[in-house]
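**Student:** File query33.cif below, mmCIF, C-alpha atoms:
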data_upload
loop_
_atom_site.label_atom_id
_atom_site.label_comp_id
_atom_site.auth_asym_id
_atom_site.auth_seq_id
_atom_site.Cartn_x
_atom_site.Cartn_y
_atom_site.Cartn_z
CA MET A 1 28.58 -2.38 -6.56
CA GLN A 2 27.04 0.97 -7.56
CA GLU A 3 25.44 2.79 -4.65
CA LEU A 4 21.71 3.41 -4.98
CA PRO A 5 20.46 7.03 -5.14
CA LEU A 6 19.30 8.44 -1.81
CA ASP A 7 15.61 8.46 -2.73
CA ARG A 8 15.72 4.79 -3.82
CA ARG A 9 17.47 3.75 -0.62
CA THR A 10 14.83 5.67 1.33
CA ASP A 11 12.05 3.86 -0.57
CA GLN A 12 13.62 0.46 0.12
CA ILE A 13 14.05 1.20 3.83
CA ARG A 14 10.49 2.52 4.10
CA GLU A 15 9.09 -0.57 2.41
CA ALA A 16 11.14 -2.88 4.64
CA LEU A 17 10.03 -1.05 7.79
CA GLU A 18 6.39 -1.02 6.65
CA GLU A 19 6.50 -4.77 6.23
CA MET A 20 8.26 -5.29 9.56
CA ILE A 21 5.65 -3.18 11.36
CA VAL A 22 2.55 -4.78 9.82
CA GLU A 23 4.03 -8.28 10.24
CA GLY A 24 4.48 -7.74 13.96
CA HIS A 25 8.23 -7.25 14.38
CA PHE A 26 7.60 -4.19 16.56
CA GLN A 27 5.15 -3.53 19.35
CA ASP A 28 2.84 -0.52 19.38
CA GLY A 29 4.78 2.33 20.99
CA ASP A 30 8.24 0.86 20.34
CA ARG A 31 10.97 3.40 19.66
CA LEU A 32 12.75 2.80 16.34
CA ASP A 33 16.46 2.81 17.18
CA GLU A 34 18.31 4.79 14.51
CA VAL A 35 21.71 3.34 15.35
CA SER A 36 20.73 -0.34 15.15
CA LEU A 37 18.51 0.16 12.08
CA ALA A 38 21.22 2.12 10.25
CA ARG A 39 23.56 -0.79 10.96
CA GLN A 40 20.95 -3.34 9.88
CA PHE A 41 20.28 -1.59 6.55
CA ASN A 42 23.92 -0.55 6.12
CA VAL A 43 23.06 3.09 5.53
CA SER A 44 23.66 6.47 7.14
CA ARG A 45 20.94 8.04 9.22
CA THR A 46 19.84 10.37 6.42
CA PRO A 47 17.80 7.88 4.33
CA LEU A 48 16.58 6.30 7.56
CA ARG A 49 15.21 9.61 8.84
CA GLU A 50 13.59 10.28 5.47
CA ALA A 51 11.93 6.86 5.68
CA PHE A 52 10.65 7.76 9.17
CA GLN A 53 9.15 10.96 7.75
CA SER A 54 7.36 8.97 5.05
CA LEU A 55 6.08 6.42 7.58
CA ALA A 56 4.82 9.25 9.78
CA ALA A 57 2.81 10.56 6.82
CA SER A 58 1.22 7.12 6.44
CA GLY A 59 0.34 7.01 10.14
CA LEU A 60 2.53 4.01 11.02
CA VAL A 61 5.11 6.07 12.91
CA GLU A 62 4.84 8.99 15.30
CA LEU A 63 7.72 11.50 15.36
CA ARG A 64 8.29 13.06 18.78
CA LEU A 65 10.43 16.15 19.13
CA ARG A 66 13.92 15.33 20.45
CA ARG A 67 12.77 11.77 21.28
CA GLY A 68 12.72 10.04 17.89
CA ALA A 69 10.33 7.82 15.94
CA PHE A 70 7.82 5.49 17.58
CA VAL A 71 5.67 2.73 16.08
CA LYS A 72 1.98 3.56 16.01
CA PHE A 73 -0.60 0.94 15.05
CA PRO A 74 -3.79 2.66 13.85
CA ALA A 75 -7.04 1.25 15.14
CA LEU A 76 -8.49 -1.41 12.84
CA GLU A 77 -11.68 0.65 12.56
CA ASP A 78 -9.64 3.59 11.23
CA VAL A 79 -8.00 1.38 8.61
CA ILE A 80 -11.36 0.05 7.43
CA GLU A 81 -12.81 3.56 7.24
CA MET A 82 -9.85 4.66 5.11
CA PHE A 83 -10.50 1.71 2.78
CA ASP A 84 -14.16 2.79 2.52
CA VAL A 85 -13.11 6.29 1.44
CA MET A 86 -10.43 4.90 -0.89
CA ALA A 87 -13.04 2.69 -2.58
CA GLU A 88 -15.26 5.70 -3.33
CA ILE A 89 -12.35 7.82 -4.59
CA GLU A 90 -11.09 5.04 -6.86
CA ALA A 91 -14.62 4.45 -8.16
CA MET A 92 -14.81 8.15 -9.08
CA CYS A 93 -11.42 7.97 -10.81
CA GLY A 94 -12.60 4.95 -12.78
CA ARG A 95 -15.83 6.63 -13.83
CA TYR A 96 -13.99 9.67 -15.17
CA ALA A 97 -11.32 7.50 -16.81
CA ALA A 98 -13.96 5.45 -18.66
CA ARG A 99 -15.31 8.70 -20.07
CA ARG A 100 -12.01 10.43 -20.86
CA MET A 101 -9.37 7.74 -21.43
CA THR A 102 -7.06 8.23 -24.40
CA LYS A 103 -5.46 5.49 -26.48
CA GLY A 104 -2.14 6.32 -24.83
CA ALA A 105 -3.59 5.87 -21.34
CA GLU A 106 -5.24 2.62 -22.42
CA ALA A 107 -1.88 1.30 -23.63
CA GLU A 108 -0.17 2.26 -20.35
CA ILE A 109 -2.84 0.60 -18.22
CA SER A 110 -2.69 -2.49 -20.44
CA ALA A 111 1.09 -2.66 -19.88
CA ALA A 112 0.61 -2.39 -16.11
CA LEU A 113 -1.97 -5.19 -16.25
CA LEU A 114 0.52 -7.32 -18.19
CA GLY A 115 3.05 -6.61 -15.43
CA CYS A 116 0.55 -7.89 -12.86
CA GLU A 117 -0.01 -11.05 -14.92
CA ARG A 118 3.72 -11.74 -15.25
CA ALA A 119 4.35 -11.18 -11.55
CA PHE A 120 1.47 -13.47 -10.61
CA ALA A 121 2.72 -16.18 -12.98
CA ALA A 122 6.17 -15.92 -11.36
CA ASP A 123 4.67 -15.92 -7.85
CA ASP A 124 6.51 -12.62 -7.34
CA PHE A 125 4.62 -10.86 -4.54
CA ASP A 126 6.72 -7.67 -4.56
CA GLY A 127 6.62 -7.47 -8.35
CA TYR A 128 2.85 -7.88 -8.25
CA TYR A 129 2.44 -5.17 -5.65
CA HIS A 130 4.47 -2.65 -7.67
CA ALA A 131 2.64 -3.48 -10.91
CA ASN A 132 -0.65 -3.26 -9.00
CA HIS A 133 0.30 0.21 -7.75
CA ALA A 134 1.12 1.30 -11.31
CA PHE A 135 -2.22 -0.06 -12.55
CA HIS A 136 -4.16 2.00 -10.02
CA ALA A 137 -2.00 5.14 -10.38
CA LEU A 138 -2.53 5.13 -14.15
CA ILE A 139 -6.29 4.97 -13.66
CA TYR A 140 -6.04 7.99 -11.34
CA ARG A 141 -4.12 9.86 -14.04
CA ALA A 142 -6.54 8.75 -16.78
CA SER A 143 -9.40 10.39 -14.84
CA GLY A 144 -8.21 13.70 -16.26
CA ASN A 145 -8.72 15.39 -12.89
CA ARG A 146 -5.37 16.28 -11.35
CA PHE A 147 -6.79 17.19 -7.95
CA LEU A 148 -8.70 13.91 -7.71
CA ALA A 149 -5.65 11.95 -8.88
CA GLY A 150 -3.48 13.66 -6.25
CA GLU A 151 -5.93 12.89 -3.46
CA ALA A 152 -6.22 9.26 -4.61
CA GLU A 153 -2.44 8.86 -4.66
CA ARG A 154 -2.04 10.40 -1.20
CA LEU A 155 -4.61 8.05 0.35
CA HIS A 156 -3.14 5.11 -1.57
CA ARG A 157 0.26 5.87 -0.02
CA ARG A 158 -1.29 6.02 3.44
CA LEU A 159 -2.97 2.65 2.95
CA LYS A 160 0.03 1.09 1.21
CA PRO A 161 1.16 -1.21 4.06
CA PHE A 162 -2.38 -2.48 4.56
CA ARG A 163 -2.95 -3.03 0.84
CA ARG A 164 0.28 -5.05 0.85
CA LEU A 165 -0.91 -6.99 3.90
CA GLN A 166 -4.24 -7.74 2.21
CA LEU A 167 -2.50 -9.07 -0.91
CA ARG A 168 -0.67 -11.63 1.27
CA LEU A 169 -3.96 -13.28 2.22
CA ARG A 170 -4.35 -16.71 0.65
CA GLY A 171 -5.79 -16.49 -2.86
CA ARG A 172 -6.05 -12.70 -2.79
CA MET A 173 -3.42 -12.07 -5.48
CA ARG A 174 -5.27 -14.37 -7.92
CA GLU A 175 -8.57 -12.67 -7.06
CA SER A 176 -6.99 -9.22 -7.44
CA LEU A 177 -5.69 -10.03 -10.91
CA LYS A 178 -9.10 -11.31 -12.01
CA GLU A 179 -10.67 -8.06 -10.78
CA HIS A 180 -8.02 -5.99 -12.60
CA ARG A 181 -8.94 -7.68 -15.88
CA MET A 182 -12.64 -6.91 -15.40
CA ILE A 183 -11.83 -3.29 -14.49
CA PHE A 184 -9.67 -2.92 -17.59
CA ASP A 185 -12.36 -4.41 -19.86
CA ALA A 186 -14.94 -1.99 -18.46
CA LEU A 187 -12.56 0.94 -18.96
CA VAL A 188 -11.90 -0.01 -22.59
CA ALA A 189 -15.62 -0.41 -23.20
CA GLY A 190 -16.25 3.03 -21.71
CA ASP A 191 -18.77 1.47 -19.31
CA GLU A 192 -18.87 4.03 -16.48
CA VAL A 193 -21.41 2.11 -14.40
CA ALA A 194 -19.50 -1.17 -14.54
CA VAL A 195 -16.05 0.29 -13.86
CA THR A 196 -17.42 2.32 -10.92
CA ALA A 197 -18.93 -0.78 -9.31
CA LYS A 198 -15.94 -3.01 -10.03
CA LEU A 199 -13.36 -0.57 -8.66
CA ARG A 200 -15.45 0.09 -5.56
CA ASP A 201 -15.78 -3.64 -4.87
CA HIS A 202 -12.09 -4.20 -5.68
CA VAL A 203 -10.88 -1.76 -3.03
CA ALA A 204 -13.57 -1.99 -0.33
CA VAL A 205 -12.93 -4.41 2.53
CA GLN A 206 -16.20 -6.30 2.99
CA GLY A 207 -17.53 -9.67 4.09
CA ASP A 208 -14.95 -12.45 4.21
CA ARG A 209 -12.20 -10.06 3.12
CA PHE A 210 -12.89 -7.90 6.18
CA ASN A 211 -12.72 -10.91 8.47
CA ASP A 212 -9.48 -12.12 6.87
CA LEU A 213 -7.81 -8.70 7.04
CA ALA A 214 -8.98 -8.17 10.62
CA ALA A 215 -7.60 -11.56 11.68
CA GLN A 216 -4.27 -10.91 9.92
CA TYR A 217 -3.99 -7.43 11.44
CA ARG A 218 -4.71 -8.70 14.95
CA ARG A 219 -2.16 -11.49 14.47
CA SER A 220 0.42 -8.87 13.53
CA ILE A 221 -0.25 -6.83 16.66
CA GLY A 222 -0.35 -9.97 18.78
CA ALA A 223 2.93 -11.20 17.31
CA ALA A 224 4.56 -7.89 18.23
CA GLY A 225 3.32 -8.21 21.80
CA ARG A 226 4.51 -11.81 22.17
CA GLN A 227 7.90 -10.94 20.70
CA SER A 228 8.27 -8.10 23.23
CA GLU A 229 7.37 -10.42 26.15
CA ARG A 230 10.13 -12.86 25.18
CA MET A 231 12.78 -10.14 25.21
#
Using the file provided, produce a representation of the structure as structure tokens.
**Tutor:**
Amino acid sequence: MQELPLDRRTDQIREALEEMIVEGHFQDGDRLDEVSLARQFNVSRTPLREAFQSLAASGLVELRLRRGAFVKFPALEDVIEMFDVMAEIEAMCGRYAARRMTKGAEAEISAALLGCERAFAADDFDGYYHANHAFHALIYRASGNRFLAGEAERLHRRLKPFRRLQLRLRGRMRESLKEHRMIFDALVAGDEVAVTAKLRDHVAVQGDRFNDLAAQYRRSIGAAGRQSERM
């Protein structure tokens, strides 16, 4: 079997650890053991340490000098506030994209939307998440504002584990795809008002979605605590 490049192995380990953390496999404050994790993922410590660095940037891990990496659950209020800011940034990207989008950008976003549809039809959660990320990243790029696109991508990376967690809620993937189609139609129509409102609503965590995400997040933290008590 051909060995994966270092950066791809790092991405895979980071994604696996993100999921393990938000699903409650670790307790807040747990030290991530390099030796056992390197054995579990069958890798050297280099990609593992790079994954820790990436998780630290997203706020899920705290790196302590000469002590290692420790799990850090952000407060739910902090997560919701980040979603609020993300919703406004994405709405701005959408507004600019509706005004400036080229035929090439339209074709790329359409292809990403098709990827979302195929993944949903196959009930492929991971495939949907990656196509979803591409859909949003292409809208950032289509805004024509490199600084704004960079800020949007940075915050998207920080919220990545929580966006993944939200997509796991019952019926959310179907709802997300429906919203993507409406966003795309508004972009193609050049309707700045509609795409701004639809992207803001798509990303913001409000009403029932807030309650569902809050319950899922608390279950994750609670599961980590119960798992620790059994050990």
**Student:** Determine, for each residue of region 80-137 of chain A having at least one atom at most 12 Å from an atom of region 178-197 of chain A, the closest pair of atoms and their separation in Å to one decimal, counting all atoms listed in the file; order by chain and ascending number, as a tab-separated table.
**Tutor:**
residue	atom	partner	partner_atom	distance
A:Ala87	CA	A:Thr196	CA	9.4
A:Glu88	CA	A:Thr196	CA	8.6
A:Ile89	CA	A:Thr196	CA	9.8
A:Glu90	CA	A:Thr196	CA	8.0
A:Ala91	CA	A:Thr196	CA	4.5
A:Met92	CA	A:Thr196	CA	6.6
A:Cys93	CA	A:Thr196	CA	8.2
A:Gly94	CA	A:Thr196	CA	5.8
A:Arg95	CA	A:Glu192	CA	4.8
A:Tyr96	CA	A:Glu192	CA	7.6
A:Ala97	CA	A:Leu187	CA	7.0
A:Ala98	CA	A:Gly190	CA	4.5
A:Arg99	CA	A:Gly190	CA	6.0
A:Arg100	CA	A:Gly190	CA	8.6
A:Met101	CA	A:Leu187	CA	7.9
A:Thr102	CA	A:Val188	CA	9.7
A:Lys103	CA	A:Val188	CA	9.3
A:Gly104	CA	A:Val188	CA	11.8
A:Ala105	CA	A:Val188	CA	10.3
A:Glu106	CA	A:Val188	CA	7.2
A:Ala107	CA	A:Val188	CA	10.2
A:Glu108	CA	A:Phe184	CA	11.2
A:Ile109	CA	A:Phe184	CA	7.7
A:Ser110	CA	A:Phe184	CA	7.6
A:Ala111	CA	A:Phe184	CA	11.0
A:Ala112	CA	A:His180	CA	10.0
A:Leu113	CA	A:His180	CA	7.1
A:Leu114	CA	A:Arg181	CA	9.7
A:Gly115	CA	A:His180	CA	11.4
A:Cys116	CA	A:His180	CA	8.8
A:Glu117	CA	A:Lys178	CA	9.5
A:Phe120	CA	A:Lys178	CA	10.9
A:Tyr128	CA	A:His180	CA	11.9
A:Ala131	CA	A:His180	CA	11.1
A:Asn132	CA	A:His180	CA	8.6
A:His133	CA	A:His180	CA	11.5
A:Ala134	CA	A:His180	CA	11.8
A:Phe135	CA	A:His180	CA	8.3
A:His136	CA	A:His180	CA	9.2
**Student:** Please tabulate, as a tab-separated table, the residues of region 93-205 of chain A that come within 12 Å of region 59-73 of chain A, each with its closest pair of atoms and the distance in Å to one decimal, counting all atoms listed in the file and ordering rows by chain, then residue number upward.
**Tutor:**
residue	atom	partner	partner_atom	distance
A:Leu155	CA	A:Gly59	CA	11.0
A:Arg157	CA	A:Gly59	CA	10.2
A:Arg158	CA	A:Gly59	CA	7.0
A:Leu159	CA	A:Gly59	CA	9.0
A:Lys160	CA	A:Leu60	CA	10.5
A:Pro161	CA	A:Leu60	CA	8.8
A:Phe162	CA	A:Leu60	CA	10.4
**Student:** Quote the spacing between CA of Met173 (chain A) and CA of Val203 (chain A) in Å to one decimal place.
**Tutor:** 13.0 Å
**Student:** Please determine, counting all atoms listed in the file, which residue among A:Ala121, A:Leu199, A:Leu76, A:Ile21 has the shortest atom-to-atom distance to Ile139 (chain A).
**Tutor:**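 Among the listed residues, A:Leu199 lies closest to Ile139 (chain A).
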**Student:** Nearest to Arg174 (chain A) among A:Ala56, A:Leu32, A:Met82, A:Ala119, with distances taken over all atoms listed in the file: which residue is it?
**Tutor:** A:Ala119
**Student:** Edge lengths and centre, in Å to one decimal, as AutoDock Vina command-line options: that's what I need for the box along x, y and z that holds all listed atoms of region 58-71 of chain A plus 6 Å on each side.
**Tutor:**
--center_x 7.1 --center_y 9.4 --center_z 13.9 --size_x 25.6 --size_y 25.4 --size_z 26.8
**Student:** Taking the file as shown, find all residues satisfying the PyMOL selection byres ((chain A and resi 47-49) around 9) and write them as a list in words.
**Tutor:**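 When the PyMOL selection byres ((chain A and resi 47-49) around 9) is applied, the selected residues are Leu6, Asp7, Arg8, Arg9, Thr10, Asp11, Ile13, Arg14, Glu34, Leu37, Ala38, Phe41, Val43, Ser44, Arg45, Thr46, Glu50, Ala51, Phe52, Gln53, Ser54 and Ala69 of chain A.
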**Student:** Just how far from CA of Leu167 (chain A) is CA of Val22 (chain A), in Å to one decimal?
**Tutor:** 12.6 Å
**Student:** Name the residues captured by the PyMOL selection byres ((chain A and resi 152) around 8) when it is applied to the shown file; answer as a PyMOL selection string.
**Tutor:** chain A and resi 86+89-90+140+148-151+153-156
**Student:** What does the structure give for the distance between CA of Glu18 (chain A) and CA of Arg118 (chain A), in Å to one decimal?
**Tutor:**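 Computed distance, CA of Glu18 (chain A) to CA of Arg118 (chain A), equals 24.5 Å.
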**Student:** Give the answer as one residue: which of A:Glu15, A:Asn211, A:Ala75, A:Leu55 has the shortest atom-to-atom distance to Tyr129 (chain A), using only C-alpha atoms?
**Tutor:**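 The answer is A:Glu15, which sits nearest to Tyr129 (chain A).
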**Student:** Complete region 37-48 of chain A at the level of all heavy atoms, written as a short mmCIF file (atom, residue, chain, number, x, y, z; two decimals), in the frame of the given file.
**Tutor:**
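selection.cif written:
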data_model
loop_
_atom_site.label_atom_id
_atom_site.label_comp_id
_atom_site.auth_asym_id
_atom_site.auth_seq_id
_atom_site.Cartn_x
_atom_site.Cartn_y
_atom_site.Cartn_z
N LEU A 37 19.13 0.30 13.40
CA LEU A 37 18.51 0.16 12.08
C LEU A 37 19.47 0.62 10.98
O LEU A 37 19.51 0.01 9.90
CB LEU A 37 17.20 0.95 12.02
CG LEU A 37 16.04 0.35 12.80
CD1 LEU A 37 14.86 1.32 12.86
CD2 LEU A 37 15.59 -0.97 12.18
N ALA A 38 20.23 1.68 11.23
CA ALA A 38 21.22 2.12 10.25
C ALA A 38 22.25 1.02 10.01
O ALA A 38 22.68 0.77 8.87
CB ALA A 38 21.91 3.40 10.74
N ARG A 39 22.62 0.33 11.08
CA ARG A 39 23.56 -0.79 10.96
C ARG A 39 22.91 -1.95 10.20
O ARG A 39 23.52 -2.58 9.34
CB ARG A 39 24.01 -1.23 12.35
CG ARG A 39 25.14 -2.26 12.34
CD ARG A 39 25.51 -2.69 13.75
NE ARG A 39 25.85 -1.54 14.61
CZ ARG A 39 25.17 -1.20 15.69
NH1 ARG A 39 24.12 -1.90 16.09
NH2 ARG A 39 25.53 -0.15 16.42
N GLN A 40 21.65 -2.22 10.52
CA GLN A 40 20.95 -3.34 9.88
C GLN A 40 20.81 -3.13 8.38
O GLN A 40 20.99 -4.06 7.58
CB GLN A 40 19.56 -3.50 10.51
CG GLN A 40 18.71 -4.60 9.90
CD GLN A 40 17.36 -4.73 10.61
OE1 GLN A 40 17.20 -4.28 11.75
NE2 GLN A 40 16.40 -5.33 9.93
N PHE A 41 20.48 -1.89 7.97
CA PHE A 41 20.28 -1.59 6.55
C PHE A 41 21.57 -1.12 5.86
O PHE A 41 21.56 -0.88 4.65
CB PHE A 41 19.19 -0.54 6.37
CG PHE A 41 17.81 -1.01 6.74
CD1 PHE A 41 17.13 -0.44 7.82
CD2 PHE A 41 17.20 -2.02 6.03
CE1 PHE A 41 15.86 -0.87 8.17
CE2 PHE A 41 15.92 -2.46 6.36
CZ PHE A 41 15.26 -1.88 7.44
N ASN A 42 22.62 -0.98 6.65
CA ASN A 42 23.92 -0.55 6.12
C ASN A 42 23.83 0.79 5.40
O ASN A 42 24.29 0.96 4.26
CB ASN A 42 24.49 -1.62 5.18
CG ASN A 42 25.96 -1.39 4.86
OD1 ASN A 42 26.69 -0.81 5.68
ND2 ASN A 42 26.40 -1.81 3.70
N VAL A 43 23.21 1.75 6.09
CA VAL A 43 23.06 3.09 5.53
C VAL A 43 23.39 4.12 6.61
O VAL A 43 23.48 3.79 7.79
CB VAL A 43 21.61 3.34 5.03
CG1 VAL A 43 21.28 2.44 3.85
CG2 VAL A 43 20.60 3.17 6.16
N SER A 44 23.53 5.38 6.18
CA SER A 44 23.66 6.47 7.14
C SER A 44 22.28 6.78 7.70
O SER A 44 21.27 6.21 7.28
CB SER A 44 24.23 7.71 6.44
OG SER A 44 23.27 8.23 5.54
N ARG A 45 22.24 7.72 8.62
CA ARG A 45 20.94 8.04 9.22
C ARG A 45 20.06 8.88 8.32
O ARG A 45 18.86 8.99 8.56
CB ARG A 45 21.16 8.77 10.55
CG ARG A 45 21.83 7.91 11.61
CD ARG A 45 21.73 8.56 12.97
NE ARG A 45 22.56 7.86 13.96
CZ ARG A 45 22.59 8.16 15.23
NH1 ARG A 45 21.86 9.17 15.70
NH2 ARG A 45 23.35 7.48 16.07
N THR A 46 20.64 9.48 7.28
CA THR A 46 19.84 10.37 6.42
C THR A 46 18.69 9.65 5.72
O THR A 46 17.53 10.06 5.85
CB THR A 46 20.73 11.08 5.39
OG1 THR A 46 21.71 11.87 6.09
CG2 THR A 46 19.90 11.99 4.49
N PRO A 47 18.93 8.57 4.96
CA PRO A 47 17.80 7.88 4.33
C PRO A 47 16.86 7.25 5.36
O PRO A 47 15.65 7.14 5.12
CB PRO A 47 18.47 6.80 3.46
CG PRO A 47 19.82 6.61 4.04
CD PRO A 47 20.22 7.94 4.59
N LEU A 48 17.41 6.88 6.51
CA LEU A 48 16.58 6.30 7.56
C LEU A 48 15.60 7.34 8.09
O LEU A 48 14.40 7.07 8.25
CB LEU A 48 17.47 5.79 8.68
CG LEU A 48 16.84 4.85 9.71
CD1 LEU A 48 16.32 3.58 9.04
CD2 LEU A 48 17.87 4.49 10.78
#
